[in-house]
Amino acid sequence: ALSLKYAPYSPPPASLSRVGVLGATGQQGGAVVRALIAKGVSIVAITRNPSSDKAKVLAGLPKVEVRKADLDDQRSLEAAFSGCDGAFVVANFWEGMDPNKEMKQYENCANALKSVSGMKHIVMSTLEETATHSKMADAKVLLNH
């Protein structure tokens, strides 16, 4: 069973050195990439299409490595986050606009991140109200969105 706990704010450890960012070519992930680069953190920009123009721009930035992953494929997520000590996770709700698919993608990410040794800090961002979703029944929700 997937067990998640929500917290209103948890500052990342000061020692984060390499953060995997899902959706790095999108708005949320792209903003996270820019903010972390400004702080001197190395980035693994994770995208489903590393040959896109946006991914190529990211690959040209210092301290950024672009990797491919599919939110529906847990093993690809494990490989993409390998070597990272932090993670920013956002699913692709807009592809199909299906909250059940979105929750499955978060479940895949959570299970993949459990296998990444050295993972210290994970941020999960979502668009849908997931607090009432059946898969979240065992999660303690401290902050609705």
# chains A, B, ... in the order shown; residues from 1 in each chain; ligands from 1
>>> residues_around(residues="stretch 63-69 of chain A", least_positions_apart="5", cutoff="8 Å", atoms="only C-alpha atoms", output="PyMOL selection string")
chain A and resi 37+41-50+55+58+76-77+79-80
>>> write_last_selection(atoms="C-alpha atoms", output="short mmCIF file (atom, residue, chain, number, x, y, z; two decimals), in the first residue's frame")
data_model
loop_
_atom_site.label_atom_id
_atom_site.label_comp_id
_atom_site.auth_asym_id
_atom_site.auth_seq_id
_atom_site.Cartn_x
_atom_site.Cartn_y
_atom_site.Cartn_z
CA ILE A 37 20.10 26.41 -10.66
CA VAL A 41 22.13 22.81 -7.22
CA SER A 42 22.84 20.26 -9.97
CA ILE A 43 19.72 19.21 -11.83
CA VAL A 44 18.53 16.06 -13.53
CA ALA A 45 15.86 17.44 -15.83
CA ILE A 46 13.43 14.60 -16.42
CA THR A 47 11.22 14.71 -19.49
CA ARG A 48 9.34 12.32 -21.71
CA ASN A 49 10.98 13.86 -24.79
CA PRO A 50 14.68 14.72 -24.35
CA ALA A 55 14.94 19.86 -23.36
CA LEU A 58 18.08 22.69 -20.63
CA SER A 76 12.14 4.41 -16.19
CA LEU A 77 11.47 6.67 -13.20
CA ALA A 79 16.60 5.09 -13.69
CA ALA A 80 15.87 8.79 -14.16
#
>>> residues_around(residues="A:Gly83", least_positions_apart="2", cutoff="10 Å", atoms="only C-alpha atoms", output="MDAnalysis selection string")
chainID A and resid 17:20 44 78:81 85:86 116:119
>>> write_last_selection(atoms="all heavy atoms", output="mmCIF file, in the first residue's frame")
data_model
loop_
_atom_site.group_PDB
_atom_site.id
_atom_site.type_symbol
_atom_site.label_atom_id
_atom_site.label_comp_id
_atom_site.auth_asym_id
_atom_site.auth_seq_id
_atom_site.Cartn_x
_atom_site.Cartn_y
_atom_site.Cartn_z
ATOM 1 N N SER A 17 22.391 18.090 -3.261
ATOM 2 C CA SER A 17 23.386 18.394 -4.292
ATOM 3 C C SER A 17 22.889 18.106 -5.705
ATOM 4 O O SER A 17 23.366 18.714 -6.659
ATOM 5 C CB SER A 17 24.666 17.599 -4.028
ATOM 6 O OG SER A 17 24.391 16.217 -4.080
ATOM 7 N N ARG A 18 21.936 17.178 -5.838
ATOM 8 C CA ARG A 18 21.443 16.818 -7.171
ATOM 9 C C ARG A 18 19.961 16.473 -7.073
ATOM 10 O O ARG A 18 19.591 15.499 -6.428
ATOM 11 C CB ARG A 18 22.231 15.636 -7.703
ATOM 12 C CG ARG A 18 21.919 15.329 -9.140
ATOM 13 C CD ARG A 18 22.895 14.330 -9.672
ATOM 14 N NE ARG A 18 22.971 14.522 -11.109
ATOM 15 C CZ ARG A 18 23.642 13.757 -11.909
ATOM 16 N NH1 ARG A 18 24.356 12.767 -11.421
ATOM 17 N NH2 ARG A 18 23.642 13.975 -13.191
ATOM 18 N N VAL A 19 19.156 17.279 -7.743
ATOM 19 C CA VAL A 19 17.707 17.123 -7.649
ATOM 20 C C VAL A 19 17.144 16.707 -9.000
ATOM 21 O O VAL A 19 17.412 17.356 -10.018
ATOM 22 C CB VAL A 19 17.039 18.428 -7.164
ATOM 23 C CG1 VAL A 19 15.524 18.299 -7.160
ATOM 24 C CG2 VAL A 19 17.546 18.807 -5.775
ATOM 25 N N GLY A 20 16.357 15.636 -8.997
ATOM 26 C CA GLY A 20 15.626 15.220 -10.186
ATOM 27 C C GLY A 20 14.327 15.985 -10.267
ATOM 28 O O GLY A 20 13.582 16.046 -9.289
ATOM 29 N N VAL A 44 18.861 17.071 -12.534
ATOM 30 C CA VAL A 44 18.534 16.057 -13.525
ATOM 31 C C VAL A 44 17.152 16.452 -14.030
ATOM 32 O O VAL A 44 16.161 16.333 -13.310
ATOM 33 C CB VAL A 44 18.536 14.636 -12.939
ATOM 34 C CG1 VAL A 44 18.043 13.640 -13.975
ATOM 35 C CG2 VAL A 44 19.927 14.253 -12.458
ATOM 36 N N GLU A 78 12.778 5.082 -11.909
ATOM 37 C CA GLU A 78 13.893 4.673 -11.042
ATOM 38 C C GLU A 78 15.222 5.048 -11.689
ATOM 39 O O GLU A 78 16.115 5.600 -11.031
ATOM 40 C CB GLU A 78 13.842 3.169 -10.791
ATOM 41 C CG GLU A 78 12.680 2.731 -9.932
ATOM 42 C CD GLU A 78 12.492 1.220 -9.893
ATOM 43 O OE1 GLU A 78 13.319 0.471 -10.466
ATOM 44 O OE2 GLU A 78 11.485 0.775 -9.295
ATOM 45 N N ALA A 79 15.361 4.774 -12.978
ATOM 46 C CA ALA A 79 16.604 5.092 -13.690
ATOM 47 C C ALA A 79 16.810 6.600 -13.770
ATOM 48 O O ALA A 79 17.939 7.087 -13.593
ATOM 49 C CB ALA A 79 16.570 4.490 -15.097
ATOM 50 N N ALA A 80 15.748 7.334 -14.013
ATOM 51 C CA ALA A 80 15.870 8.789 -14.156
ATOM 52 C C ALA A 80 16.297 9.453 -12.852
ATOM 53 O O ALA A 80 17.088 10.391 -12.854
ATOM 54 C CB ALA A 80 14.552 9.385 -14.643
ATOM 55 N N PHE A 81 15.788 8.978 -11.730
ATOM 56 C CA PHE A 81 16.114 9.583 -10.431
ATOM 57 C C PHE A 81 17.386 9.006 -9.806
ATOM 58 O O PHE A 81 17.832 9.488 -8.768
ATOM 59 C CB PHE A 81 14.946 9.425 -9.458
ATOM 60 C CG PHE A 81 13.829 10.396 -9.671
ATOM 61 C CD1 PHE A 81 12.621 9.975 -10.198
ATOM 62 C CD2 PHE A 81 13.977 11.737 -9.349
ATOM 63 C CE1 PHE A 81 11.574 10.865 -10.396
ATOM 64 C CE2 PHE A 81 12.944 12.642 -9.544
ATOM 65 C CZ PHE A 81 11.738 12.206 -10.067
ATOM 66 N N ASP A 85 19.533 13.174 -4.813
ATOM 67 C CA ASP A 85 19.219 13.178 -3.387
ATOM 68 C C ASP A 85 17.979 14.018 -3.081
ATOM 69 O O ASP A 85 17.562 14.138 -1.944
ATOM 70 C CB ASP A 85 20.417 13.622 -2.542
ATOM 71 C CG ASP A 85 20.985 14.968 -2.935
ATOM 72 O OD1 ASP A 85 20.425 15.636 -3.814
ATOM 73 O OD2 ASP A 85 22.013 15.361 -2.345
ATOM 74 N N GLY A 86 17.393 14.588 -4.116
ATOM 75 C CA GLY A 86 16.145 15.323 -3.978
ATOM 76 C C GLY A 86 15.294 15.103 -5.218
ATOM 77 O O GLY A 86 15.808 14.731 -6.282
ATOM 78 N N VAL A 116 15.462 4.642 -4.627
ATOM 79 C CA VAL A 116 16.626 5.499 -4.881
ATOM 80 C C VAL A 116 17.386 5.704 -3.578
ATOM 81 O O VAL A 116 16.899 6.373 -2.663
ATOM 82 C CB VAL A 116 16.196 6.865 -5.480
ATOM 83 C CG1 VAL A 116 17.396 7.778 -5.653
ATOM 84 C CG2 VAL A 116 15.467 6.661 -6.801
ATOM 85 N N SER A 117 18.570 5.113 -3.501
ATOM 86 C CA SER A 117 19.357 5.270 -2.277
ATOM 87 C C SER A 117 19.875 6.703 -2.194
ATOM 88 O O SER A 117 20.213 7.315 -3.198
ATOM 89 C CB SER A 117 20.509 4.271 -2.241
ATOM 90 O OG SER A 117 21.426 4.559 -3.261
ATOM 91 N N GLY A 118 19.880 7.240 -0.997
ATOM 92 C CA GLY A 118 20.380 8.597 -0.781
ATOM 93 C C GLY A 118 19.329 9.682 -0.959
ATOM 94 O O GLY A 118 19.639 10.862 -0.821
ATOM 95 N N MET A 119 18.092 9.318 -1.262
ATOM 96 C CA MET A 119 17.035 10.308 -1.438
ATOM 97 C C MET A 119 16.723 10.946 -0.086
ATOM 98 O O MET A 119 16.435 10.259 0.881
ATOM 99 C CB MET A 119 15.783 9.651 -2.032
ATOM 100 C CG MET A 119 14.665 10.606 -2.368
ATOM 101 S SD MET A 119 15.066 11.921 -3.553
ATOM 102 C CE MET A 119 15.409 11.002 -5.042
#
>>> atom_distance(atom1="atom CA of A:Lys120", atom2="atom CA of A:Lys101")
26.4 Å
>>> closest_residue(among="A:Ala91, A:Met97, A:Cys109, A:Ala35", to="A:Thr126", atoms="only C-alpha atoms")
A:Ala91
>>> select_by_dssp(residues="stretch 3-115 of chain A", states="strand (DSSP E)", output="number ranges by chain")
A: 18-22, 42-47, 64-68, 86-90
>>> atom_distance(atom1="atom CA of A:Leu36", atom2="atom CA of A:His121")
13.6 Å
>>> atom_distance(atom1="atom CA of A:Asp72", atom2="atom CA of A:Lys104")
7.7 Å
>>> residues_around(residues="A:Gln105", least_positions_apart="6", cutoff="12 Å", atoms="only C-alpha atoms", output="ChimeraX atom specification")
/A:22,69-74,77,89-93,95,98-99,111-112,124-126
>>> closest_residue(among="A:Cys84, A:Leu61, A:Asp53, A:Ser15", to="A:Val33", atoms="only C-alpha atoms")
A:Leu61
>>> closest_residue(among="A:Ala24, A:Ala87, A:Ala31, A:Ile122", to="A:Ala59", atoms="only C-alpha atoms")
A:Ala24
>>> decode(residues="stretch 27-55 of chain A", atoms="N, CA and C atoms", output="PDB file, in the first residue's frame")
ATOM      1  N   GLN A  27       5.826  24.304 -17.078  1.00  0.00           N
ATOM      2  CA  GLN A  27       5.805  25.512 -16.263  1.00  0.00           C
ATOM      3  C   GLN A  27       6.261  25.265 -14.835  1.00  0.00           C
ATOM      4  N   GLN A  28       5.657  24.284 -14.150  1.00  0.00           N
ATOM      5  CA  GLN A  28       6.035  24.034 -12.758  1.00  0.00           C
ATOM      6  C   GLN A  28       7.467  23.532 -12.648  1.00  0.00           C
ATOM      7  N   GLY A  29       7.762  22.466 -13.374  1.00  0.00           N
ATOM      8  CA  GLY A  29       9.109  21.904 -13.313  1.00  0.00           C
ATOM      9  C   GLY A  29      10.161  22.882 -13.795  1.00  0.00           C
ATOM     10  N   GLY A  30       9.847  23.642 -14.830  1.00  0.00           N
ATOM     11  CA  GLY A  30      10.788  24.635 -15.344  1.00  0.00           C
ATOM     12  C   GLY A  30      11.116  25.700 -14.313  1.00  0.00           C
ATOM     13  N   ALA A  31      10.113  26.139 -13.562  1.00  0.00           N
ATOM     14  CA  ALA A  31      10.345  27.130 -12.503  1.00  0.00           C
ATOM     15  C   ALA A  31      11.232  26.547 -11.402  1.00  0.00           C
ATOM     16  N   VAL A  32      11.010  25.273 -11.076  1.00  0.00           N
ATOM     17  CA  VAL A  32      11.839  24.609 -10.068  1.00  0.00           C
ATOM     18  C   VAL A  32      13.281  24.505 -10.557  1.00  0.00           C
ATOM     19  N   VAL A  33      13.463  24.124 -11.816  1.00  0.00           N
ATOM     20  CA  VAL A  33      14.812  24.035 -12.390  1.00  0.00           C
ATOM     21  C   VAL A  33      15.524  25.380 -12.276  1.00  0.00           C
ATOM     22  N   ARG A  34      14.868  26.437 -12.695  1.00  0.00           N
ATOM     23  CA  ARG A  34      15.504  27.772 -12.649  1.00  0.00           C
ATOM     24  C   ARG A  34      15.858  28.185 -11.220  1.00  0.00           C
ATOM     25  N   ALA A  35      14.957  27.930 -10.286  1.00  0.00           N
ATOM     26  CA  ALA A  35      15.208  28.305  -8.889  1.00  0.00           C
ATOM     27  C   ALA A  35      16.379  27.517  -8.302  1.00  0.00           C
ATOM     28  N   LEU A  36      16.447  26.234  -8.595  1.00  0.00           N
ATOM     29  CA  LEU A  36      17.535  25.418  -8.043  1.00  0.00           C
ATOM     30  C   LEU A  36      18.875  25.732  -8.699  1.00  0.00           C
ATOM     31  N   ILE A  37      18.855  26.008  -9.992  1.00  0.00           N
ATOM     32  CA  ILE A  37      20.100  26.405 -10.665  1.00  0.00           C
ATOM     33  C   ILE A  37      20.646  27.679 -10.015  1.00  0.00           C
ATOM     34  N   ALA A  38      19.751  28.604  -9.711  1.00  0.00           N
ATOM     35  CA  ALA A  38      20.166  29.867  -9.078  1.00  0.00           C
ATOM     36  C   ALA A  38      20.801  29.627  -7.711  1.00  0.00           C
ATOM     37  N   LYS A  39      20.438  28.523  -7.071  1.00  0.00           N
ATOM     38  CA  LYS A  39      21.009  28.163  -5.764  1.00  0.00           C
ATOM     39  C   LYS A  39      22.253  27.297  -5.899  1.00  0.00           C
ATOM     40  N   GLY A  40      22.650  26.982  -7.138  1.00  0.00           N
ATOM     41  CA  GLY A  40      23.856  26.196  -7.362  1.00  0.00           C
ATOM     42  C   GLY A  40      23.663  24.696  -7.269  1.00  0.00           C
ATOM     43  N   VAL A  41      22.426  24.239  -7.319  1.00  0.00           N
ATOM     44  CA  VAL A  41      22.134  22.808  -7.217  1.00  0.00           C
ATOM     45  C   VAL A  41      22.213  22.176  -8.604  1.00  0.00           C
ATOM     46  N   SER A  42      22.819  21.017  -8.708  1.00  0.00           N
ATOM     47  CA  SER A  42      22.838  20.265  -9.965  1.00  0.00           C
ATOM     48  C   SER A  42      21.457  19.666 -10.205  1.00  0.00           C
ATOM     49  N   ILE A  43      21.068  19.628 -11.459  1.00  0.00           N
ATOM     50  CA  ILE A  43      19.716  19.209 -11.833  1.00  0.00           C
ATOM     51  C   ILE A  43      19.757  18.015 -12.775  1.00  0.00           C
ATOM     52  N   VAL A  44      18.861  17.071 -12.534  1.00  0.00           N
ATOM     53  CA  VAL A  44      18.534  16.057 -13.525  1.00  0.00           C
ATOM     54  C   VAL A  44      17.152  16.452 -14.030  1.00  0.00           C
ATOM     55  N   ALA A  45      17.104  16.993 -15.221  1.00  0.00           N
ATOM     56  CA  ALA A  45      15.858  17.442 -15.834  1.00  0.00           C
ATOM     57  C   ALA A  45      15.206  16.233 -16.493  1.00  0.00           C
ATOM     58  N   ILE A  46      14.076  15.811 -15.946  1.00  0.00           N
ATOM     59  CA  ILE A  46      13.428  14.596 -16.423  1.00  0.00           C
ATOM     60  C   ILE A  46      12.241  14.962 -17.304  1.00  0.00           C
ATOM     61  N   THR A  47      12.256  14.401 -18.509  1.00  0.00           N
ATOM     62  CA  THR A  47      11.220  14.714 -19.486  1.00  0.00           C
ATOM     63  C   THR A  47      10.869  13.474 -20.283  1.00  0.00           C
ATOM     64  N   ARG A  48       9.702  13.471 -20.863  1.00  0.00           N
ATOM     65  CA  ARG A  48       9.336  12.315 -21.709  1.00  0.00           C
ATOM     66  C   ARG A  48       9.937  12.440 -23.097  1.00  0.00           C
ATOM     67  N   ASN A  49      10.422  13.648 -23.452  1.00  0.00           N
ATOM     68  CA  ASN A  49      10.977  13.864 -24.791  1.00  0.00           C
ATOM     69  C   ASN A  49      12.277  14.672 -24.719  1.00  0.00           C
ATOM     70  N   PRO A  50      13.413  14.000 -24.476  1.00  0.00           N
ATOM     71  CA  PRO A  50      14.685  14.716 -24.354  1.00  0.00           C
ATOM     72  C   PRO A  50      15.164  15.363 -25.645  1.00  0.00           C
ATOM     73  N   SER A  51      14.534  15.057 -26.778  1.00  0.00           N
ATOM     74  CA  SER A  51      14.949  15.680 -28.028  1.00  0.00           C
ATOM     75  C   SER A  51      14.111  16.915 -28.374  1.00  0.00           C
ATOM     76  N   SER A  52      13.210  17.324 -27.482  1.00  0.00           N
ATOM     77  CA  SER A  52      12.415  18.532 -27.718  1.00  0.00           C
ATOM     78  C   SER A  52      13.309  19.773 -27.634  1.00  0.00           C
ATOM     79  N   ASP A  53      12.850  20.842 -28.223  1.00  0.00           N
ATOM     80  CA  ASP A  53      13.617  22.092 -28.192  1.00  0.00           C
ATOM     81  C   ASP A  53      13.859  22.563 -26.757  1.00  0.00           C
ATOM     82  N   LYS A  54      12.834  22.484 -25.902  1.00  0.00           N
ATOM     83  CA  LYS A  54      12.984  22.921 -24.512  1.00  0.00           C
ATOM     84  C   LYS A  54      14.006  22.054 -23.766  1.00  0.00           C
ATOM     85  N   ALA A  55      13.980  20.761 -24.013  1.00  0.00           N
ATOM     86  CA  ALA A  55      14.939  19.861 -23.357  1.00  0.00           C
ATOM     87  C   ALA A  55      16.359  20.146 -23.830  1.00  0.00           C
TER      88      ALA A  55
END
